[in-house]
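Listing of final-v1.cif; format and content: mmCIF, C-alpha atoms.
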data_run
loop_
_atom_site.label_atom_id
_atom_site.label_comp_id
_atom_site.auth_asym_id
_atom_site.auth_seq_id
_atom_site.Cartn_x
_atom_site.Cartn_y
_atom_site.Cartn_z
CA MET H 1 -20.23 30.20 66.76
CA ALA H 2 -22.51 32.69 68.46
CA VAL H 3 -23.01 34.97 71.42
CA ILE H 4 -25.87 34.92 73.92
CA THR H 5 -26.41 37.93 76.15
CA ILE H 6 -28.70 37.52 79.14
CA SER H 7 -30.15 40.57 80.86
CA ARG H 8 -32.39 39.81 83.79
CA GLU H 9 -34.57 40.99 86.62
CA PHE H 10 -32.95 40.18 89.96
CA GLY H 11 -34.19 36.78 91.17
CA SER H 12 -35.39 35.55 87.77
CA GLY H 13 -32.71 32.87 87.58
CA GLY H 14 -30.43 34.45 84.97
CA ARG H 15 -27.26 32.99 86.47
CA VAL H 16 -28.56 29.40 86.77
CA ILE H 17 -30.16 29.50 83.32
CA GLY H 18 -27.12 31.13 81.71
CA GLU H 19 -24.73 28.62 83.28
CA GLU H 20 -26.86 25.68 82.17
CA ILE H 21 -27.04 26.97 78.59
CA ALA H 22 -23.28 27.50 78.49
CA LYS H 23 -22.76 23.98 79.85
CA ARG H 24 -25.07 22.34 77.29
CA LEU H 25 -23.57 24.22 74.36
CA GLY H 26 -19.99 24.00 75.61
CA TYR H 27 -19.82 27.82 75.58
CA TYR H 28 -17.69 30.12 77.70
CA TYR H 29 -19.70 31.69 80.55
CA LEU H 30 -18.94 35.29 81.52
CA ASP H 31 -20.52 36.58 84.70
CA LYS H 32 -18.90 37.31 88.05
CA ASP H 33 -15.40 36.40 86.87
CA ILE H 34 -15.39 39.65 84.89
CA ILE H 35 -14.75 41.37 88.24
CA ALA H 36 -11.47 39.53 88.77
CA HIS H 37 -10.38 40.46 85.23
CA ILE H 38 -11.18 44.12 85.85
CA ALA H 39 -9.42 44.08 89.24
CA GLN H 40 -6.28 42.69 87.62
CA LYS H 41 -6.29 45.34 84.91
CA THR H 42 -7.28 48.43 86.91
CA GLY H 43 -5.90 47.67 90.38
CA PHE H 44 -9.25 48.42 92.06
CA ALA H 45 -10.48 46.12 94.84
CA LYS H 46 -13.04 43.51 93.80
CA GLU H 47 -15.59 44.88 96.28
CA PHE H 48 -15.28 48.37 94.82
CA ILE H 49 -15.74 47.01 91.28
CA GLN H 50 -18.72 44.94 92.35
CA GLN H 51 -20.40 48.01 93.82
CA ARG H 52 -19.68 50.35 90.94
CA GLY H 53 -19.19 48.10 87.93
CA GLU H 54 -22.69 47.11 86.96
CA TYR H 55 -24.39 50.12 88.40
CA ALA H 56 -24.87 53.71 87.42
CA PRO H 57 -22.11 55.96 88.70
CA SER H 58 -24.63 57.85 90.75
CA LYS H 59 -28.34 58.50 90.87
CA SER H 60 -27.55 62.15 90.33
CA LEU H 61 -25.46 63.20 87.37
CA PHE H 62 -24.73 66.40 89.27
CA SER H 63 -22.99 64.62 92.14
CA TYR H 64 -21.23 62.40 89.58
CA GLY H 65 -19.43 65.49 88.33
CA PHE H 66 -17.63 65.80 91.64
CA LEU H 67 -16.26 62.26 91.78
CA ALA H 68 -12.49 61.85 91.81
CA ARG H 69 -10.94 61.70 88.37
CA ASN H 70 -7.41 60.80 87.31
CA GLN H 71 -5.10 63.04 85.29
CA ASP H 72 -6.98 62.23 82.06
CA GLY H 73 -10.28 63.36 83.62
CA ILE H 74 -11.53 59.80 83.86
CA SER H 75 -13.39 58.73 87.00
CA PRO H 76 -12.92 55.28 88.59
CA GLU H 77 -16.43 54.39 87.33
CA ASP H 78 -15.43 55.27 83.78
CA MET H 79 -12.27 53.18 84.09
CA ILE H 80 -14.23 50.19 85.35
CA TYR H 81 -16.87 50.56 82.65
CA ARG H 82 -14.23 50.94 79.96
CA GLU H 83 -12.44 47.80 81.07
CA GLN H 84 -15.76 45.97 81.33
CA CYS H 85 -16.62 46.97 77.74
CA ARG H 86 -13.26 45.73 76.54
CA ILE H 87 -13.73 42.33 78.19
CA VAL H 88 -17.29 41.95 76.83
CA LEU H 89 -16.16 42.82 73.30
CA GLU H 90 -13.11 40.56 73.41
CA THR H 91 -15.15 37.67 74.79
CA ALA H 92 -17.74 38.12 72.02
CA GLU H 93 -14.99 38.32 69.42
CA ARG H 94 -13.77 34.86 70.45
CA GLY H 95 -17.41 33.68 70.04
CA ASN H 96 -19.33 30.78 71.59
CA CYS H 97 -20.13 32.49 74.86
CA VAL H 98 -22.90 33.45 77.27
CA ILE H 99 -22.54 36.93 78.78
CA ILE H 100 -24.65 37.91 81.79
CA GLY H 101 -25.66 41.56 82.23
CA ARG H 102 -23.09 44.32 81.61
CA ASN H 103 -25.24 45.98 78.91
CA ALA H 104 -23.77 43.40 76.53
CA ASP H 105 -26.85 43.55 74.25
CA TYR H 106 -26.07 47.22 73.62
CA LEU H 107 -22.29 46.85 73.36
CA LEU H 108 -22.69 44.12 70.73
CA ARG H 109 -25.48 45.85 68.80
CA ASP H 110 -23.56 45.91 65.51
CA ARG H 111 -22.96 42.16 65.40
CA GLU H 112 -25.40 39.84 63.70
CA ASP H 113 -24.57 36.66 65.60
CA VAL H 114 -25.94 37.77 68.97
CA LEU H 115 -29.09 36.48 70.65
CA ASN H 116 -30.23 39.05 73.20
CA VAL H 117 -32.35 37.54 75.97
CA PHE H 118 -34.19 39.31 78.79
CA LEU H 119 -35.47 37.23 81.70
CA CYS H 120 -38.25 38.40 84.00
CA GLY H 121 -40.44 36.67 86.56
CA TYR H 122 -43.23 36.94 89.11
CA LYS H 123 -42.47 38.88 92.27
CA GLU H 124 -43.34 35.97 94.57
CA GLU H 125 -41.09 33.51 92.75
CA LYS H 126 -38.22 35.96 92.56
CA LYS H 127 -38.55 36.79 96.25
CA LYS H 128 -38.42 33.09 97.14
CA ARG H 129 -35.30 32.56 95.07
CA ILE H 130 -33.55 35.59 96.62
CA MET H 131 -34.49 34.52 100.17
CA GLU H 132 -32.98 31.08 99.57
CA ARG H 133 -29.88 32.23 97.78
CA TYR H 134 -28.91 35.09 100.07
CA HIS H 135 -30.43 33.74 103.33
CA LEU H 136 -32.70 36.76 103.75
CA ASP H 137 -36.14 37.22 105.26
CA GLU H 138 -39.08 38.32 103.14
CA LYS H 139 -38.72 42.03 103.71
CA GLU H 140 -34.96 42.05 103.11
CA ALA H 141 -35.39 40.05 99.89
CA LEU H 142 -38.02 42.47 98.56
CA ASN H 143 -35.84 45.47 99.42
CA LEU H 144 -32.81 43.94 97.74
CA MET H 145 -34.88 43.06 94.65
CA LYS H 146 -36.10 46.63 94.33
CA ARG H 147 -32.64 48.12 94.88
CA VAL H 148 -30.77 45.86 92.45
CA ASP H 149 -33.37 46.20 89.66
CA HIS H 150 -33.39 49.96 90.12
CA LYS H 151 -29.60 50.07 89.80
CA ARG H 152 -29.54 47.80 86.76
CA SER H 153 -32.20 49.90 85.13
CA ALA H 154 -30.44 53.20 85.92
CA ASN H 155 -27.09 51.88 84.69
CA TYR H 156 -28.59 50.63 81.43
CA GLN H 157 -30.37 53.90 80.79
CA TYR H 158 -27.28 55.95 81.66
CA TYR H 159 -24.92 54.14 79.31
CA THR H 160 -27.26 53.14 76.48
CA GLU H 161 -29.98 55.85 76.60
CA LYS H 162 -32.49 53.03 76.19
CA GLU H 163 -35.03 51.54 78.53
CA TRP H 164 -34.05 48.44 80.50
CA GLY H 165 -36.57 45.57 80.25
CA LYS H 166 -38.38 47.00 77.22
CA ALA H 167 -39.20 44.14 74.83
CA ALA H 168 -38.04 46.05 71.74
CA ASN H 169 -34.42 46.04 72.99
CA TYR H 170 -34.05 42.25 73.01
CA THR H 171 -34.56 39.34 70.63
CA ILE H 172 -36.58 37.34 73.14
CA CYS H 173 -37.95 38.08 76.61
CA LEU H 174 -39.12 35.20 78.74
CA ASN H 175 -40.98 35.00 82.04
CA SER H 176 -39.00 32.24 83.72
CA SER H 177 -41.49 31.92 86.63
CA GLU H 178 -44.31 31.22 84.17
CA LEU H 179 -42.42 29.03 81.71
CA GLY H 180 -40.16 27.25 84.20
CA GLU H 181 -36.37 26.95 83.95
CA GLU H 182 -36.33 23.98 81.59
CA LYS H 183 -38.73 25.52 79.06
CA THR H 184 -36.84 28.83 79.23
CA ILE H 185 -33.56 27.05 78.48
CA GLU H 186 -35.19 25.04 75.69
CA ILE H 187 -36.48 28.17 73.90
CA ILE H 188 -33.11 29.92 74.12
CA LEU H 189 -31.31 26.83 72.79
CA SER H 190 -33.79 26.50 69.93
CA CYS H 191 -33.12 30.13 68.93
CA ILE H 192 -29.34 29.97 69.07
CA ARG H 193 -29.07 27.44 66.26
CA ARG H 194 -29.79 30.04 63.59
CA TYR H 195 -27.03 32.35 64.85
CA ARG H 196 -24.23 29.85 64.64
CA HIS H 197 -23.63 30.12 60.91
CA LEU H 198 -23.59 33.92 60.98
CA ARG H 199 -20.43 34.21 63.02
CA ASN H 200 -17.86 34.33 60.26
CA ALA H 201 -19.71 36.98 58.31
CA THR H 202 -19.69 39.51 61.11
CA SER H 203 -16.26 40.16 62.51
CA ARG H 204 -16.71 43.82 61.82
CA ILE H 205 -16.42 45.26 65.26
CA ASN H 206 -13.74 47.77 66.06
CA THR H 207 -13.47 47.51 69.80
CA GLY H 208 -11.94 50.97 69.97
CA LEU H 209 -15.27 52.51 68.97
CA PHE H 210 -17.05 51.18 71.99
CA PHE H 211 -15.27 52.93 74.83
CA VAL H 212 -18.22 54.97 75.92
CA THR H 213 -17.13 57.45 78.55
CA LYS H 214 -19.98 59.83 79.10
CA MET U 1 -57.94 24.33 75.97
CA ALA U 2 -56.04 27.60 76.24
CA VAL U 3 -55.98 31.27 75.33
CA ILE U 4 -53.25 33.12 73.45
CA THR U 5 -53.18 36.91 73.57
CA ILE U 6 -50.99 38.72 71.07
CA SER U 7 -50.02 42.33 71.67
CA ARG U 8 -47.84 43.83 68.98
CA GLU U 9 -45.97 46.76 67.59
CA PHE U 10 -47.59 47.98 64.39
CA GLY U 11 -45.98 46.24 61.41
CA SER U 12 -44.49 43.36 63.38
CA GLY U 13 -46.80 40.81 61.75
CA GLY U 14 -49.14 40.13 64.68
CA ARG U 15 -52.16 39.51 62.46
CA VAL U 16 -50.44 37.09 60.07
CA ILE U 17 -48.71 35.24 62.92
CA GLY U 18 -51.86 35.12 65.05
CA GLU U 19 -53.99 33.84 62.16
CA GLU U 20 -51.46 31.16 61.32
CA ILE U 21 -51.28 29.97 64.94
CA ALA U 22 -55.08 29.84 65.18
CA LYS U 23 -55.20 27.88 61.93
CA ARG U 24 -52.59 25.34 63.03
CA LEU U 25 -54.21 24.79 66.42
CA GLY U 26 -57.78 24.93 65.14
CA TYR U 27 -58.41 27.86 67.51
CA TYR U 28 -60.92 30.69 67.15
CA TYR U 29 -59.26 33.92 65.98
CA LEU U 30 -60.50 37.23 67.40
CA ASP U 31 -59.22 40.39 65.76
CA LYS U 32 -61.07 42.81 63.50
CA ASP U 33 -64.38 40.94 63.73
CA ILE U 34 -64.71 42.24 67.27
CA ILE U 35 -65.70 45.56 65.68
CA ALA U 36 -68.74 44.04 63.98
CA HIS U 37 -69.79 42.45 67.28
CA ILE U 38 -69.49 45.79 69.09
CA ALA U 39 -71.38 47.61 66.32
CA GLN U 40 -74.23 45.14 66.60
CA LYS U 41 -74.43 45.54 70.36
CA THR U 42 -73.92 49.29 70.73
CA GLY U 43 -75.35 50.68 67.51
CA PHE U 44 -72.20 52.71 66.77
CA ALA U 45 -70.81 52.77 63.22
CA LYS U 46 -67.90 50.42 62.55
CA GLU U 47 -65.65 53.33 61.54
CA PHE U 48 -66.34 55.11 64.83
CA ILE U 49 -65.56 51.96 66.79
CA GLN U 50 -62.37 51.37 64.83
CA GLN U 51 -61.17 54.87 65.61
CA ARG U 52 -62.04 54.85 69.29
CA GLY U 53 -62.10 51.19 70.29
CA GLU U 54 -58.47 50.23 70.58
CA TYR U 55 -57.24 53.68 71.35
CA ALA U 56 -57.15 55.96 74.35
CA PRO U 57 -60.27 58.13 74.65
CA SER U 58 -58.13 61.19 74.19
CA LYS U 59 -54.54 62.29 74.61
CA SER U 60 -55.78 64.73 77.21
CA LEU U 61 -57.82 63.45 80.11
CA PHE U 62 -59.05 67.02 80.53
CA SER U 63 -60.73 67.12 77.12
CA TYR U 64 -62.04 63.62 77.79
CA GLY U 65 -64.13 65.08 80.62
CA PHE U 66 -66.13 67.07 78.10
CA LEU U 67 -67.06 64.20 75.79
CA ALA U 68 -70.74 63.38 75.38
CA ARG U 69 -72.08 60.96 77.94
CA ASN U 70 -75.39 59.14 78.11
CA GLN U 71 -77.86 59.35 81.00
CA ASP U 72 -75.69 57.01 83.11
CA GLY U 73 -72.66 59.27 82.68
CA ILE U 74 -70.99 56.80 80.34
CA SER U 75 -69.17 58.14 77.29
CA PRO U 76 -69.28 56.37 73.89
CA GLU U 77 -65.64 55.36 74.46
CA ASP U 78 -66.57 53.73 77.75
CA MET U 79 -69.47 51.89 76.11
CA ILE U 80 -67.21 50.58 73.35
CA TYR U 81 -64.52 49.57 75.81
CA ARG U 82 -67.05 47.84 78.05
CA GLU U 83 -68.48 45.86 75.16
CA GLN U 84 -64.98 45.02 73.98
CA CYS U 85 -64.09 43.70 77.46
CA ARG U 86 -67.23 41.57 77.50
CA ILE U 87 -66.38 39.99 74.14
CA VAL U 88 -62.76 39.31 75.11
CA LEU U 89 -63.83 37.67 78.39
CA GLU U 90 -66.57 35.59 76.78
CA THR U 91 -64.25 34.46 74.00
CA ALA U 92 -61.62 33.42 76.56
CA GLU U 93 -64.25 31.64 78.63
CA ARG U 94 -65.05 29.42 75.64
CA GLY U 95 -61.29 28.71 75.38
CA ASN U 96 -59.10 27.66 72.45
CA CYS U 97 -58.67 31.11 70.96
CA VAL U 98 -56.14 33.67 69.79
CA ILE U 99 -56.99 37.27 70.72
CA ILE U 100 -55.16 40.15 69.05
CA GLY U 101 -54.66 43.39 71.00
CA ARG U 102 -57.52 44.83 73.07
CA ASN U 103 -55.47 44.73 76.30
CA ALA U 104 -56.50 41.08 76.52
CA ASP U 105 -53.39 40.17 78.55
CA TYR U 106 -54.59 42.55 81.26
CA LEU U 107 -58.28 41.62 81.08
CA LEU U 108 -57.41 37.93 81.49
CA ARG U 109 -54.78 38.44 84.18
CA ASP U 110 -56.53 36.21 86.74
CA ARG U 111 -56.65 33.16 84.49
CA GLU U 112 -53.86 30.60 84.49
CA ASP U 113 -54.39 29.19 81.02
CA VAL U 114 -53.31 32.30 79.11
CA LEU U 115 -50.12 32.73 77.13
CA ASN U 116 -49.40 36.44 76.76
CA VAL U 117 -47.25 37.24 73.74
CA PHE U 118 -45.77 40.58 72.69
CA LEU U 119 -44.35 40.93 69.19
CA CYS U 120 -41.86 43.60 68.22
CA GLY U 121 -39.57 44.11 65.25
CA TYR U 122 -36.95 46.24 63.55
CA LYS U 123 -38.09 49.60 62.21
CA GLU U 124 -36.94 48.86 58.65
CA GLU U 125 -38.80 45.54 58.47
CA LYS U 126 -41.96 46.97 60.00
CA LYS U 127 -41.87 49.92 57.62
CA LYS U 128 -41.56 47.59 54.64
CA ARG U 129 -44.51 45.51 55.82
CA ILE U 130 -46.70 48.59 56.37
CA MET U 131 -45.78 50.05 52.96
CA GLU U 132 -46.82 46.83 51.24
CA ARG U 133 -49.97 46.22 53.23
CA TYR U 134 -51.38 49.74 53.13
CA HIS U 135 -49.85 50.88 49.82
CA LEU U 136 -48.00 53.79 51.43
CA ASP U 137 -44.72 55.50 50.67
CA GLU U 138 -41.86 55.40 53.16
CA LYS U 139 -42.70 58.62 54.97
CA GLU U 140 -46.40 57.79 55.29
CA ALA U 141 -45.59 54.32 56.62
CA LEU U 142 -43.22 55.70 59.27
CA ASN U 143 -45.80 58.29 60.33
CA LEU U 144 -48.53 55.69 60.59
CA MET U 145 -46.25 53.36 62.57
CA LYS U 146 -45.46 56.10 65.06
CA ARG U 147 -49.10 57.16 65.40
CA VAL U 148 -50.57 53.68 65.84
CA ASP U 149 -47.93 52.55 68.36
CA HIS U 150 -48.40 55.76 70.29
CA LYS U 151 -52.15 55.18 70.45
CA ARG U 152 -51.81 51.53 71.46
CA SER U 153 -49.35 52.49 74.16
CA ALA U 154 -51.55 55.32 75.48
CA ASN U 155 -54.64 53.13 75.49
CA TYR U 156 -52.85 50.33 77.35
CA GLN U 157 -51.48 52.70 79.94
CA TYR U 158 -54.84 54.44 80.38
CA TYR U 159 -56.86 51.28 81.01
CA THR U 160 -54.29 49.06 82.71
CA GLU U 161 -51.94 51.58 84.40
CA LYS U 162 -49.08 49.46 83.12
CA GLU U 163 -46.47 50.05 80.47
CA TRP U 164 -47.12 48.73 76.97
CA GLY U 165 -44.27 46.65 75.53
CA LYS U 166 -42.52 46.14 78.86
CA ALA U 167 -41.24 42.56 79.02
CA ALA U 168 -42.50 41.98 82.57
CA ASN U 169 -46.15 42.29 81.40
CA TYR U 170 -46.01 39.31 79.05
CA THR U 171 -45.04 35.64 79.15
CA ILE U 172 -42.90 35.87 76.03
CA CYS U 173 -41.79 38.76 73.83
CA LEU U 174 -40.36 37.98 70.42
CA ASN U 175 -38.64 40.10 67.80
CA SER U 176 -40.32 38.74 64.68
CA SER U 177 -37.94 40.60 62.32
CA GLU U 178 -34.95 38.90 63.93
CA LEU U 179 -36.44 35.44 64.43
CA GLY U 180 -38.57 35.31 61.28
CA GLU U 181 -42.28 34.43 61.13
CA GLU U 182 -41.83 30.68 61.17
CA LYS U 183 -39.52 30.61 64.20
CA THR U 184 -41.83 33.05 66.02
CA ILE U 185 -44.81 30.78 65.37
CA GLU U 186 -42.84 27.70 66.40
CA ILE U 187 -41.87 29.21 69.79
CA ILE U 188 -45.46 30.27 70.55
CA LEU U 189 -46.77 26.83 69.61
CA SER U 190 -44.15 25.13 71.77
CA CYS U 191 -45.23 27.25 74.75
CA ILE U 192 -48.96 26.73 74.38
CA ARG U 193 -48.79 23.00 75.04
CA ARG U 194 -48.28 23.48 78.78
CA TYR U 195 -51.38 25.69 79.10
CA ARG U 196 -53.82 23.26 77.59
CA HIS U 197 -54.28 21.11 80.67
CA LEU U 198 -54.81 24.09 82.96
CA ARG U 199 -58.07 25.19 81.39
CA ASN U 200 -60.51 23.24 83.53
CA ALA U 201 -58.88 24.31 86.78
CA THR U 202 -59.32 28.01 86.15
CA SER U 203 -62.84 29.00 85.26
CA ARG U 204 -62.81 31.48 88.10
CA ILE U 205 -63.46 34.71 86.29
CA ASN U 206 -66.44 36.84 87.15
CA THR U 207 -66.88 38.88 84.01
CA GLY U 208 -68.78 41.51 85.96
CA LEU U 209 -65.59 42.52 87.75
CA PHE U 210 -63.86 43.55 84.60
CA PHE U 211 -65.95 46.42 83.35
CA VAL U 212 -63.36 49.05 83.88
CA THR U 213 -64.86 52.46 83.26
CA LYS U 214 -62.36 55.01 84.38
#
Take the structure in the file and give it back as structure tokens.
Amino acid sequence: MAVITISREFGSGGRVIGEEIAKRLGYYYLDKDIIAHIAQKTGFAKEFIQQRGEYAPSKSLFSYGFLARNQDGISPEDMIYREQCRIVLETAERGNCVIIGRNADYLLRDREDVLNVFLCGYKEEKKKRIMERYHLDEKEALNLMKRVDHKRSANYQYYTEKEWGKAANYTICLNSSELGEEKTIEIILSCIRRYRHLRNATSRINTGLFFVTK
Amino acid sequence: MAVITISREFGSGGRVIGEEIAKRLGYYYLDKDIIAHIAQKTGFAKEFIQQRGEYAPSKSLFSYGFLARNQDGISPEDMIYREQCRIVLETAERGNCVIIGRNADYLLRDREDVLNVFLCGYKEEKKKRIMERYHLDEKEALNLMKRVDHKRSANYQYYTEKEWGKAANYTICLNSSELGEEKTIEIILSCIRRYRHLRNATSRINTGLFFVTK
């Protein structure tokens, strides 16, 4: 049993690659469905969670201070992040899963059965993929790429105090444009084998410790 | 025929891994011997080249302006870097080689037969390796690690205007402490196969373009 976390530049094929890996290994795949789980638990609308969930509460920490908070002083962003952490940790605890984004590499940093992957790619290839997937023209795709990567980066830095996309934060980083999807999948699968036997030795996570509410 | 460049955090085993890959593939291995080549060509002492060659001319660009320059306005650091670029490009042009450091990933950015690898590792493992290799105590090893990585990072940023150790700059980044030497070597070898056939199609480098003298 093991856990694979996949962080990724927007347009580098993280979803397709993650889904394919989960399928081949028979693993549970956690990506967009986390939003429905959070909605059920917190009562927030899915659209609201989608906008706030994976992204930094605000570019400016100053303006963040003025966001609405409930009676415990917790903002909606904190509530969403807290619930998201809980789901990531519970999913990992059950094992045999692929988790996309959500700072899962950081949340699971004390486990030894986790393979942390970062996927990047060439601008041209990513643009093409985004244009096709979201039916956008070139300019719109490039704008969206910039915006989403900026938000992912800001969110990661805000909650983990580490740098998003820096090789030292992951076990392997792969350029999926250069290697191709099949080779990328093959490398990840070849790495996961050594994590499977570690699972039983490392059930030492106390989920309560991980509710980071900055 | 193909080229493998290996950039690496100090203590992550880049030399051992690079040598082993070169040996298994029957490739030429370019690392420390570049210093002897530069010494022969420029007349500088090997120690001087070692100190200045792979590292940024100075932490302060201001003080750099006051360094000695020859009649063409070229500083010793520029001369060393220029010679280093020439050797990297010529070595790549002959193909079938492993090149350690020297911003080779950047210098060879217009070729299509290059596999750019970045190796990182856990602090504890790197420290242990440095202590053994250089016969240092714990504190000395940690200081050296910090100093060397800082210099490599500054040099890379100075000459390439890109960020050292950022996943997007390389084809694959591997944590050698986590994966182990053998698995790291295996992944690199499995990737190199697809570059071999590209060699003949991409002899389009004009070495003259690459003499960056900022």
Please, which residues in chain U fall within 9 Å of chain H when counting all atoms listed in the file, and what is the closest atom pair and distance in Å to one decimal for each, ordered by chain then residue number, as JSON lines?
{"residue": "U:Glu9", "atom": "CA", "partner": "H:Ala168", "partner_atom": "CA", "distance": 9.0}
{"residue": "U:Phe118", "atom": "CA", "partner": "H:Ala167", "partner_atom": "CA", "distance": 7.8}
{"residue": "U:Leu119", "atom": "CA", "partner": "H:Ala167", "partner_atom": "CA", "distance": 8.3}
{"residue": "U:Cys120", "atom": "CA", "partner": "H:Ala168", "partner_atom": "CA", "distance": 5.7}
{"residue": "U:Gly121", "atom": "CA", "partner": "H:Ala168", "partner_atom": "CA", "distance": 6.9}
{"residue": "U:Tyr122", "atom": "CA", "partner": "H:Ala168", "partner_atom": "CA", "distance": 8.3}
{"residue": "U:Trp164", "atom": "CA", "partner": "H:Lys166", "partner_atom": "CA", "distance": 8.9}
{"residue": "U:Gly165", "atom": "CA", "partner": "H:Ala167", "partner_atom": "CA", "distance": 5.7}
{"residue": "U:Lys166", "atom": "CA", "partner": "H:Lys166", "partner_atom": "CA", "distance": 4.5}
{"residue": "U:Ala167", "atom": "CA", "partner": "H:Ala167", "partner_atom": "CA", "distance": 4.9}
{"residue": "U:Ala168", "atom": "CA", "partner": "H:Cys120", "partner_atom": "CA", "distance": 5.7}
{"residue": "U:Asn169", "atom": "CA", "partner": "H:Asn175", "partner_atom": "CA", "distance": 9.0}
{"residue": "U:Tyr170", "atom": "CA", "partner": "H:Asn175", "partner_atom": "CA", "distance": 7.3}
{"residue": "U:Thr171", "atom": "CA", "partner": "H:Asn175", "partner_atom": "CA", "distance": 5.0}
{"residue": "U:Ile172", "atom": "CA", "partner": "H:Leu174", "partner_atom": "CA", "distance": 4.7}
{"residue": "U:Cys173", "atom": "CA", "partner": "H:Cys173", "partner_atom": "CA", "distance": 4.8}
{"residue": "U:Leu174", "atom": "CA", "partner": "H:Ile172", "partner_atom": "CA", "distance": 4.7}
{"residue": "U:Asn175", "atom": "CA", "partner": "H:Thr171", "partner_atom": "CA", "distance": 5.0}
{"residue": "U:Ser176", "atom": "CA", "partner": "H:Thr171", "partner_atom": "CA", "distance": 8.3}
{"residue": "U:Glu178", "atom": "CA", "partner": "H:Thr171", "partner_atom": "CA", "distance": 6.7}
{"residue": "U:Leu179", "atom": "CA", "partner": "H:Thr171", "partner_atom": "CA", "distance": 7.6}
{"residue": "U:Lys183", "atom": "CA", "partner": "H:Cys191", "partner_atom": "CA", "distance": 8.0}
{"residue": "U:Ile187", "atom": "CA", "partner": "H:Ile187", "partner_atom": "CA", "distance": 6.9}
{"residue": "U:Ser190", "atom": "CA", "partner": "H:Ile187", "partner_atom": "CA", "distance": 8.5}
{"residue": "U:Cys191", "atom": "CA", "partner": "H:Leu179", "partner_atom": "CA", "distance": 7.7}
{"residue": "U:Arg194", "atom": "CA", "partner": "H:Leu179", "partner_atom": "CA", "distance": 8.6}
Rounded to one decimal in Å, what is the spacing between atom CA of Lys126 of chain H and atom CA of Cys85 of chain H?
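One can read the atom CA of Lys126 of chain H to atom CA of Cys85 of chain H distance as 28.4 Å.
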Set the distance at 8 Å and use only C-alpha atoms: which residues neighbour Val3 of chain H once local chain neighbours fewer than 5 positions away are removed? I'd like the list as an MDAnalysis selection string.
chainID H and resid 92 95:99 113:115
Rounded to one decimal, what separation in Å do you get between atom CA of Glu47 of chain H and atom CA of Ile35 of chain H?
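Separation of atom CA of Glu47 of chain H and atom CA of Ile35 of chain H: 8.8 Å.
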Atom pair atom CA of Ile38 of chain U / atom CA of Tyr106 of chain U: separation (Å)
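The value is 19.5 Å.
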Name the residues that the PyMOL selection byres ((chain H and resi 91) around 12) pulls out of this structure, and write them as an MDAnalysis selection string.
chainID H and resid 2:5 27:31 34 37 84:90 92:100 104 107:108 207
List as a PDB file with C-alpha atoms, keeping the file's coordinate frame: which residues have an atom within 12 Å of (-38.9, 46.1, 92.2), counting all atoms listed in the file?
ATOM      1  CA  GLU H   9     -34.570  40.990  86.620  1.00  0.00           C
ATOM      2  CA  PHE H  10     -32.950  40.180  89.960  1.00  0.00           C
ATOM      3  CA  GLY H  11     -34.190  36.780  91.170  1.00  0.00           C
ATOM      4  CA  SER H  12     -35.390  35.550  87.770  1.00  0.00           C
ATOM      5  CA  CYS H 120     -38.250  38.400  84.000  1.00  0.00           C
ATOM      6  CA  GLY H 121     -40.440  36.670  86.560  1.00  0.00           C
ATOM      7  CA  TYR H 122     -43.230  36.940  89.110  1.00  0.00           C
ATOM      8  CA  LYS H 123     -42.470  38.880  92.270  1.00  0.00           C
ATOM      9  CA  GLU H 124     -43.340  35.970  94.570  1.00  0.00           C
ATOM     10  CA  LYS H 126     -38.220  35.960  92.560  1.00  0.00           C
ATOM     11  CA  LYS H 127     -38.550  36.790  96.250  1.00  0.00           C
ATOM     12  CA  ALA H 141     -35.390  40.050  99.890  1.00  0.00           C
ATOM     13  CA  LEU H 142     -38.020  42.470  98.560  1.00  0.00           C
ATOM     14  CA  ASN H 143     -35.840  45.470  99.420  1.00  0.00           C
ATOM     15  CA  LEU H 144     -32.810  43.940  97.740  1.00  0.00           C
ATOM     16  CA  MET H 145     -34.880  43.060  94.650  1.00  0.00           C
ATOM     17  CA  LYS H 146     -36.100  46.630  94.330  1.00  0.00           C
ATOM     18  CA  ARG H 147     -32.640  48.120  94.880  1.00  0.00           C
ATOM     19  CA  VAL H 148     -30.770  45.860  92.450  1.00  0.00           C
ATOM     20  CA  ASP H 149     -33.370  46.200  89.660  1.00  0.00           C
ATOM     21  CA  HIS H 150     -33.390  49.960  90.120  1.00  0.00           C
ATOM     22  CA  LYS H 151     -29.600  50.070  89.800  1.00  0.00           C
ATOM     23  CA  ARG H 152     -29.540  47.800  86.760  1.00  0.00           C
ATOM     24  CA  SER H 153     -32.200  49.900  85.130  1.00  0.00           C
TER      25      SER H 153
ATOM     26  CA  ALA U 168     -42.500  41.980  82.570  1.00  0.00           C
TER      27      ALA U 168
END
Given all atoms listed in the file as the counted atoms, nearest of U:Asn116, U:Gln40, U:Gln50, U:Ser75 to Ile192 of chain U:
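Among the listed residues, U:Asn116 lies closest to Ile192 of chain U.
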Between H:Arg15, H:Lys46, H:Arg82, H:Arg193, which has the minimum distance to Arg133 of chain H (counting only C-alpha atoms)?
H:Arg15
